[in-house]
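Below: one structure, written as structure tokens.
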Amino acid sequence: LLLLSHAAQLLTLAGPDRARRGKELTDLGVIRDGAVLVNGERIVAAGPTDVVTRGLSTSVDEIDCRGMLITPGLVDSHTHLVFAGARLDDFERRLAGATYEEIARSGGGIRSSVERLCNATDESLTRHAERWMAEARRWGTTTIEVKSGYGLRLDHELRMLAAAETAGKTTGLKVIRTFLGAHTIPSEYDGARQRYVDELIDNMLPEVAKRRASEFCDVFCDRTAFTIEEAEKILRAAASCGLKLKIHADQLSRTGAAALGIGVGATSVDHLDHADASDFAALAASSTVATLLPGANFFMGSTYPAAREMIAAGVAVALATDFNPGTCPMIGLPLVMSLACTQMRMTPAEVWAAVTLNGAAALALAHECGSLTNGKRADLAVFNADDFRAVPYFAGANLCRFVIVGGKLLQTLDN
Ligand SMILES: [Zn+2]
């Protein structure tokens with residue numbers, strides 16, 4: 001048995017194991033002088049320390065969390081964490097005024113990441129994934145979604161998914177893999193995009209599913225990527241292979257991808273920078289989670305999604321990093337929480353629900369993690385703060401002391 005006791009605040013997020021909406025988002029189940037009791041990989045009790053420890057024998061490993069904040073481990077439900085090399089030249093060019101198209105023409109953009117990925121060894125991909133998962137963990141992340149999408153060929157896509165899986169084992173993080181073969185049209189299919197859609201549907205998806213190489217399938221549906229019609233075909237094919245669905249939706253323009261996501265039963269629709277009130281109404285009436293990625297808006301200087309309007313409409317809003325080498329090289333969820341508060345006017349309580357239980361729901365894991373209640377996996381994060389509002393408030397500072405994943409203490413920091 002492992003006991004974490006006497007936390008200044010414990011956020012349980014106790015309640016139904018599903019995404020929170022509207023006013024529910026602010027109900028974090030805050031307990032003062034809180035404790036969590038863990039048996040093996042499961043939580044057996046969470047509540048006030050005097051209640052949790054009543055009648056407890058002395059054979060307990062105890063971690064005194066006085067002055068600390070205990071929360072559910074953070075869930076980062078949208079990353080492109082496996083890549084081969086930062087795009088520093090693109091970064092500098094964009095700051096000097098180059099457009100996305102100009103950068104792509106001069107050899108940058110997604111296609112440069114594809115070229116580098118295809119030339120990288122399995123070992124270097126795995127090492128990169130381990131490095132950045134360890135970094136995510138340092139900021140409090142315990143579950144992380146990782147997409148493929150820089151291979152665009154079955155063998156390279158599988159190498160990316162394998163690197164994510166291996167890195168999850170070495171870092172101890174819970175990894176959820178997403179096949180994003182439909183990230184962009186590979187250069188060898190220029191002028192023959194239909195052939196690539198066929199390749200995805202007829203060969204890549206069935207093989208990924210057969211090998212159980214991913215849990216989700218995602219499609220980048222936008223004016224520079226796949227059309228609504230193509231995205232629908234790909235997502236329906238993925239569903240028939242048994243994969244759960246996600247979609248990059250309405251990021252650069254409103255294409256109707258959010259509505260498509262709801263129509264095909266996607267677990268989440270992500271970005272939504274250009275989604276409108278009719279999309280919010282449809283999302284509110286569905287079980288699809290809206291995952292907002294304000295780190296990408298910050299890094300690109302683009303318009304933030306209308307989080308307040310979505311929450312008022314009753315949309316289940318989650319937050320994730322979108323960690324990737326092009327549009328958001330930001331790995332820590334606490335900074336994303338700060339951006340969500342200051343740039344989208346979400347409240348500190350709302351952003352906590354959005355990176356815990358709603359992040360879990362965005363991965364169809366709300367029954368397993370995202371809150372601290374009996375029977376759930378013991379995934380938790382401990383911060384050097386006595387009030388949950390301090391984490392988004394100290395923007396850019398890392399207050400996380402350690403995380404526990406599946407009952408295992410993974411690291412301790414001196415801060
Ligand atoms: Zn993305």
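Residues are named by chain letter and number: chains run A, B, ... in the order of the structure tokens, numbers start at 1 in each chain, and ligands are numbered from 1 in the order shown.
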All residues 6 Å or closer to stretch 343-359 of chain A, only C-alpha atoms, same chain fewer than 6 positions away omitted, as a list in words
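My list of contacting residues is Ala19, Leu25, Thr26, Leu74, Val75, Ser77, Ala307, Ala318, Leu319, Met337, Gly370, Ser371 and Arg389 of chain A.
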Collect all residues with atoms no farther than 8 Å from ligand 1, counting only C-alpha atoms and all ligand atoms, and output them as a list in words.
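Every residue with an atom at most 8 Å from ligand 1 is listed here: His78, Thr79, His80, Phe220, His248, Asp270, His271, Asp322, Phe323 and Asn324 of chain A.
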Write the residues of the selection above to a file with C-alpha atoms, as a short mmCIF file (atom, residue, chain, number, x, y, z; two decimals), in the first residue's frame.
data_model
loop_
_atom_site.label_atom_id
_atom_site.label_comp_id
_atom_site.auth_asym_id
_atom_site.auth_seq_id
_atom_site.Cartn_x
_atom_site.Cartn_y
_atom_site.Cartn_z
CA HIS A 78 -3.07 15.21 -28.87
CA THR A 79 0.64 15.07 -29.76
CA HIS A 80 2.87 14.39 -32.76
CA PHE A 220 -6.00 16.12 -41.12
CA HIS A 248 -8.03 17.63 -37.12
CA ASP A 270 -9.43 18.78 -32.45
CA HIS A 271 -8.41 22.45 -32.99
CA ASP A 322 -0.33 19.42 -30.05
CA PHE A 323 3.42 18.95 -29.45
CA ASN A 324 4.96 18.82 -32.96
#
Go through A:Cys341, A:Val336, A:Gly85, A:Gln194 one by one, measure the shortest atom-to-atom distance of each to A:Arg308 using only C-alpha atoms, and give the residue with the smallest value.
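Counting only C-alpha atoms, the residue closest to A:Arg308 is A:Cys341.
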Among listed residues A:Ala395, A:Gly332, A:Ala378, A:Arg138, nearest A:Val44 (using only C-alpha atoms):
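Ranking A:Ala395, A:Gly332, A:Ala378, A:Arg138 by distance to A:Val44, first place goes to A:Ala378.
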Shell of 9 Å around A:Glu123, only C-alpha atoms, local chain residues under 4 positions omitted, as a list in words:
Arg127, His128 and Ala163 of chain A
Which residue gives the smallest distance to A:Asp222 among A:Arg193, A:His274, A:Lys408, A:Lys376, with only C-alpha atoms counted?
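Looking at the shortest contact to A:Asp222, the residue is A:His274.
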Selection: 7 Å around A:Thr267, only C-alpha atoms, excl. self and same-chain fewer than 2 positions, as a PyMOL selection string:
chain A and resi 244-246+265+288-289+362-364
Which one of A:Ala225, A:Val403, A:Ala258, A:Leu372 sits closest to A:Gly47 if you count only C-alpha atoms?
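Of the candidates, the smallest distance to A:Gly47 is held by A:Leu372.
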What's around A:Ile234 at 9 Å? Count only C-alpha atoms, leave out sequence neighbours fewer than 2 positions away in its own chain, and write the answer as an mmCIF file with N, CA, C and O atoms, in the first residue's frame.
data_model
loop_
_atom_site.group_PDB
_atom_site.id
_atom_site.type_symbol
_atom_site.label_atom_id
_atom_site.label_comp_id
_atom_site.auth_asym_id
_atom_site.auth_seq_id
_atom_site.Cartn_x
_atom_site.Cartn_y
_atom_site.Cartn_z
ATOM 1 N N ALA A 182 -3.124 9.831 -42.863
ATOM 2 C CA ALA A 182 -3.802 10.905 -43.607
ATOM 3 C C ALA A 182 -3.438 12.266 -43.019
ATOM 4 O O ALA A 182 -4.289 13.045 -42.599
ATOM 5 N N VAL A 197 -5.363 7.982 -51.166
ATOM 6 C CA VAL A 197 -6.544 7.672 -50.344
ATOM 7 C C VAL A 197 -6.856 6.178 -50.457
ATOM 8 O O VAL A 197 -7.135 5.509 -49.449
ATOM 9 N N ASP A 198 -6.783 5.637 -51.670
ATOM 10 C CA ASP A 198 -7.017 4.197 -51.863
ATOM 11 C C ASP A 198 -5.983 3.368 -51.103
ATOM 12 O O ASP A 198 -6.323 2.360 -50.482
ATOM 13 N N LEU A 200 -4.364 4.215 -48.451
ATOM 14 C CA LEU A 200 -4.704 4.283 -47.015
ATOM 15 C C LEU A 200 -5.807 3.289 -46.665
ATOM 16 O O LEU A 200 -5.718 2.550 -45.687
ATOM 17 N N ILE A 201 -6.849 3.293 -47.474
ATOM 18 C CA ILE A 201 -8.040 2.511 -47.162
ATOM 19 C C ILE A 201 -7.824 1.018 -47.433
ATOM 20 O O ILE A 201 -8.204 0.170 -46.634
ATOM 21 N N LEU A 205 -4.560 1.037 -43.547
ATOM 22 C CA LEU A 205 -5.461 0.903 -42.392
ATOM 23 C C LEU A 205 -5.692 -0.552 -41.972
ATOM 24 O O LEU A 205 -5.563 -0.869 -40.784
ATOM 25 N N CYS A 217 -7.539 6.278 -35.304
ATOM 26 C CA CYS A 217 -7.169 6.803 -36.615
ATOM 27 C C CYS A 217 -7.578 8.271 -36.647
ATOM 28 O O CYS A 217 -8.644 8.642 -36.151
ATOM 29 N N ASP A 218 -6.716 9.108 -37.192
ATOM 30 C CA ASP A 218 -6.953 10.546 -37.269
ATOM 31 C C ASP A 218 -6.773 10.973 -38.731
ATOM 32 O O ASP A 218 -6.036 10.324 -39.481
ATOM 33 N N VAL A 219 -7.448 12.044 -39.115
ATOM 34 C CA VAL A 219 -7.290 12.604 -40.459
ATOM 35 C C VAL A 219 -7.130 14.117 -40.331
ATOM 36 O O VAL A 219 -7.848 14.761 -39.567
ATOM 37 N N GLU A 229 -14.777 14.887 -48.167
ATOM 38 C CA GLU A 229 -15.181 13.611 -48.777
ATOM 39 C C GLU A 229 -14.111 12.546 -48.543
ATOM 40 O O GLU A 229 -14.417 11.405 -48.198
ATOM 41 N N GLU A 230 -12.852 12.943 -48.733
ATOM 42 C CA GLU A 230 -11.758 11.987 -48.502
ATOM 43 C C GLU A 230 -11.699 11.590 -47.033
ATOM 44 O O GLU A 230 -11.550 10.411 -46.695
ATOM 45 N N ALA A 231 -11.825 12.586 -46.147
ATOM 46 C CA ALA A 231 -11.757 12.306 -44.709
ATOM 47 C C ALA A 231 -12.866 11.347 -44.297
ATOM 48 O O ALA A 231 -12.635 10.414 -43.513
ATOM 49 N N GLU A 232 -14.056 11.546 -44.833
ATOM 50 C CA GLU A 232 -15.162 10.666 -44.456
ATOM 51 C C GLU A 232 -14.885 9.228 -44.872
ATOM 52 O O GLU A 232 -15.089 8.295 -44.097
ATOM 53 N N ARG A 236 -14.481 6.258 -42.113
ATOM 54 C CA ARG A 236 -15.424 5.125 -42.114
ATOM 55 C C ARG A 236 -14.676 3.803 -42.298
ATOM 56 O O ARG A 236 -15.011 2.791 -41.678
ATOM 57 N N ALA A 237 -13.644 3.826 -43.139
ATOM 58 C CA ALA A 237 -12.836 2.616 -43.325
ATOM 59 C C ALA A 237 -12.129 2.254 -42.018
ATOM 60 O O ALA A 237 -12.061 1.080 -41.636
ATOM 61 N N ALA A 238 -11.616 3.271 -41.318
ATOM 62 C CA ALA A 238 -10.913 3.031 -40.055
ATOM 63 C C ALA A 238 -11.870 2.438 -39.021
ATOM 64 O O ALA A 238 -11.530 1.497 -38.296
ATOM 65 N N ALA A 239 -13.092 2.979 -38.970
ATOM 66 C CA ALA A 239 -14.077 2.467 -38.010
ATOM 67 C C ALA A 239 -14.401 1.008 -38.317
ATOM 68 O O ALA A 239 -14.537 0.188 -37.400
#
Can you list, as a PDB file with N, CA and C atoms, in the first residue's frame, every protein, DNA or RNA residue that comes within 9 Å of A:Ile31 when you count only C-alpha atoms, leaving out same-chain residues fewer than 4 positions away?
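Okay, result.pdb is ready:
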ATOM      1  N   ALA A   7      -2.214  16.436   1.819  1.00  0.00           N
ATOM      2  CA  ALA A   7      -2.067  17.437   0.757  1.00  0.00           C
ATOM      3  C   ALA A   7      -2.878  18.677   1.118  1.00  0.00           C
ATOM      4  N   ALA A   8      -2.312  19.859   0.835  1.00  0.00           N
ATOM      5  CA  ALA A   8      -3.046  21.097   1.085  1.00  0.00           C
ATOM      6  C   ALA A   8      -4.365  21.072   0.318  1.00  0.00           C
ATOM      7  N   GLN A   9      -4.297  20.621  -0.939  1.00  0.00           N
ATOM      8  CA  GLN A   9      -5.509  20.393  -1.740  1.00  0.00           C
ATOM      9  C   GLN A   9      -5.357  19.094  -2.513  1.00  0.00           C
ATOM     10  N   LEU A  10      -6.448  18.365  -2.576  1.00  0.00           N
ATOM     11  CA  LEU A  10      -6.538  17.169  -3.417  1.00  0.00           C
ATOM     12  C   LEU A  10      -7.685  17.409  -4.391  1.00  0.00           C
ATOM     13  N   LEU A  11      -7.399  17.308  -5.694  1.00  0.00           N
ATOM     14  CA  LEU A  11      -8.474  17.410  -6.695  1.00  0.00           C
ATOM     15  C   LEU A  11      -8.889  15.997  -7.078  1.00  0.00           C
ATOM     16  N   THR A  12     -10.091  15.583  -6.686  1.00  0.00           N
ATOM     17  CA  THR A  12     -10.516  14.210  -7.017  1.00  0.00           C
ATOM     18  C   THR A  12     -11.233  14.146  -8.360  1.00  0.00           C
ATOM     19  N   ALA A  35      -5.881  12.920   1.060  1.00  0.00           N
ATOM     20  CA  ALA A  35      -5.025  11.736   0.974  1.00  0.00           C
ATOM     21  C   ALA A  35      -5.543  10.790  -0.101  1.00  0.00           C
ATOM     22  N   GLY A  47      -9.699  10.975  -0.247  1.00  0.00           N
ATOM     23  CA  GLY A  47     -10.577  11.833   0.544  1.00  0.00           C
ATOM     24  C   GLY A  47      -9.768  12.556   1.604  1.00  0.00           C
ATOM     25  N   PRO A  48     -10.433  13.059   2.650  1.00  0.00           N
ATOM     26  CA  PRO A  48      -9.712  13.717   3.733  1.00  0.00           C
ATOM     27  C   PRO A  48      -8.754  12.722   4.406  1.00  0.00           C
TER      28      PRO A  48
END
Can you tell me how far atom CA of A:Ala46 sits from atom CA of A:Gly34, in Å to one decimal?
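Between atom CA of A:Ala46 and atom CA of A:Gly34 the gap works out to 7.4 Å.
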Which residues of stretch 122-180 of chain A sit at most 12 Å from stretch 90-114 of chain A, using only C-alpha atoms? Give each one's shortest atom pair and distance in Å (one decimal place), in chain and ascending residue order, as a Markdown table.
| residue | atom | partner | partner_atom | distance |
| --- | --- | --- | --- | --- |
| A:Ser148 | CA | A:Val114 | CA | 10.5 |
| A:Gly149 | CA | A:Val114 | CA | 8.0 |
| A:Tyr150 | CA | A:Val114 | CA | 4.4 |
| A:Gly151 | CA | A:Val114 | CA | 5.6 |
| A:Leu152 | CA | A:Val114 | CA | 7.4 |
| A:Arg153 | CA | A:Val114 | CA | 9.7 |
| A:His156 | CA | A:Val114 | CA | 9.2 |
| A:Glu157 | CA | A:Val114 | CA | 10.1 |
| A:Met160 | CA | A:Val114 | CA | 11.2 |
Just the selected residues (N, CA, C and O atoms), exported as a PDB file, in the first residue's frame, please.
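Okay, again_7.pdb is ready:
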ATOM      1  N   SER A 148       1.184   9.014 -35.521  1.00  0.00           N
ATOM      2  CA  SER A 148       2.138   8.847 -36.617  1.00  0.00           C
ATOM      3  C   SER A 148       1.870   9.996 -37.606  1.00  0.00           C
ATOM      4  O   SER A 148       1.261  10.988 -37.233  1.00  0.00           O
ATOM      5  N   GLY A 149       2.318   9.881 -38.838  1.00  0.00           N
ATOM      6  CA  GLY A 149       1.962  10.914 -39.810  1.00  0.00           C
ATOM      7  C   GLY A 149       3.146  11.603 -40.475  1.00  0.00           C
ATOM      8  O   GLY A 149       2.964  12.478 -41.320  1.00  0.00           O
ATOM      9  N   TYR A 150       4.391  11.201 -40.097  1.00  0.00           N
ATOM     10  CA  TYR A 150       5.553  11.722 -40.800  1.00  0.00           C
ATOM     11  C   TYR A 150       6.228  10.621 -41.619  1.00  0.00           C
ATOM     12  O   TYR A 150       7.338  10.795 -42.111  1.00  0.00           O
ATOM     13  N   GLY A 151       5.538   9.470 -41.727  1.00  0.00           N
ATOM     14  CA  GLY A 151       6.067   8.375 -42.537  1.00  0.00           C
ATOM     15  C   GLY A 151       5.358   8.340 -43.875  1.00  0.00           C
ATOM     16  O   GLY A 151       5.986   8.330 -44.929  1.00  0.00           O
ATOM     17  N   LEU A 152       4.013   8.332 -43.811  1.00  0.00           N
ATOM     18  CA  LEU A 152       3.162   8.332 -45.005  1.00  0.00           C
ATOM     19  C   LEU A 152       3.440   7.137 -45.911  1.00  0.00           C
ATOM     20  O   LEU A 152       3.127   7.152 -47.102  1.00  0.00           O
ATOM     21  N   ARG A 153       4.027   6.119 -45.318  1.00  0.00           N
ATOM     22  CA  ARG A 153       4.214   4.831 -45.977  1.00  0.00           C
ATOM     23  C   ARG A 153       4.062   3.823 -44.863  1.00  0.00           C
ATOM     24  O   ARG A 153       4.515   4.072 -43.742  1.00  0.00           O
ATOM     25  N   HIS A 156       7.140   3.072 -42.546  1.00  0.00           N
ATOM     26  CA  HIS A 156       7.594   4.203 -41.710  1.00  0.00           C
ATOM     27  C   HIS A 156       6.546   4.604 -40.678  1.00  0.00           C
ATOM     28  O   HIS A 156       6.883   4.998 -39.561  1.00  0.00           O
ATOM     29  N   GLU A 157       5.287   4.516 -41.046  1.00  0.00           N
ATOM     30  CA  GLU A 157       4.228   4.810 -40.072  1.00  0.00           C
ATOM     31  C   GLU A 157       4.300   3.810 -38.907  1.00  0.00           C
ATOM     32  O   GLU A 157       4.183   4.187 -37.735  1.00  0.00           O
ATOM     33  N   MET A 160       7.082   4.637 -36.503  1.00  0.00           N
ATOM     34  CA  MET A 160       6.733   5.723 -35.579  1.00  0.00           C
ATOM     35  C   MET A 160       5.896   5.195 -34.413  1.00  0.00           C
ATOM     36  O   MET A 160       6.134   5.544 -33.251  1.00  0.00           O
TER      37      MET A 160
END
Filtered DSSP result for stretch 30-236 of chain A, state strand (DSSP E), as a ChimeraX atom specification
/A:30-39,42-48,61-64,69-72,74-76,141-147,174-182,216-220
Quick one: residues within 12 Å of A:Ala306, only C-alpha atoms, excluding same-chain residues fewer than 5 positions away - as a list in words?
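The neighbour list is His271, Leu272, Asp273, His274, Ala275, Asp276, Ala277, Asp279, Phe280, Ala290, Thr291, Leu292, Leu293, Pro294, Asn297, Ile311, Ala312, Ala313, Val315, Val317, Ala340, Gln343, Met344, Arg345 and Met346 of chain A.
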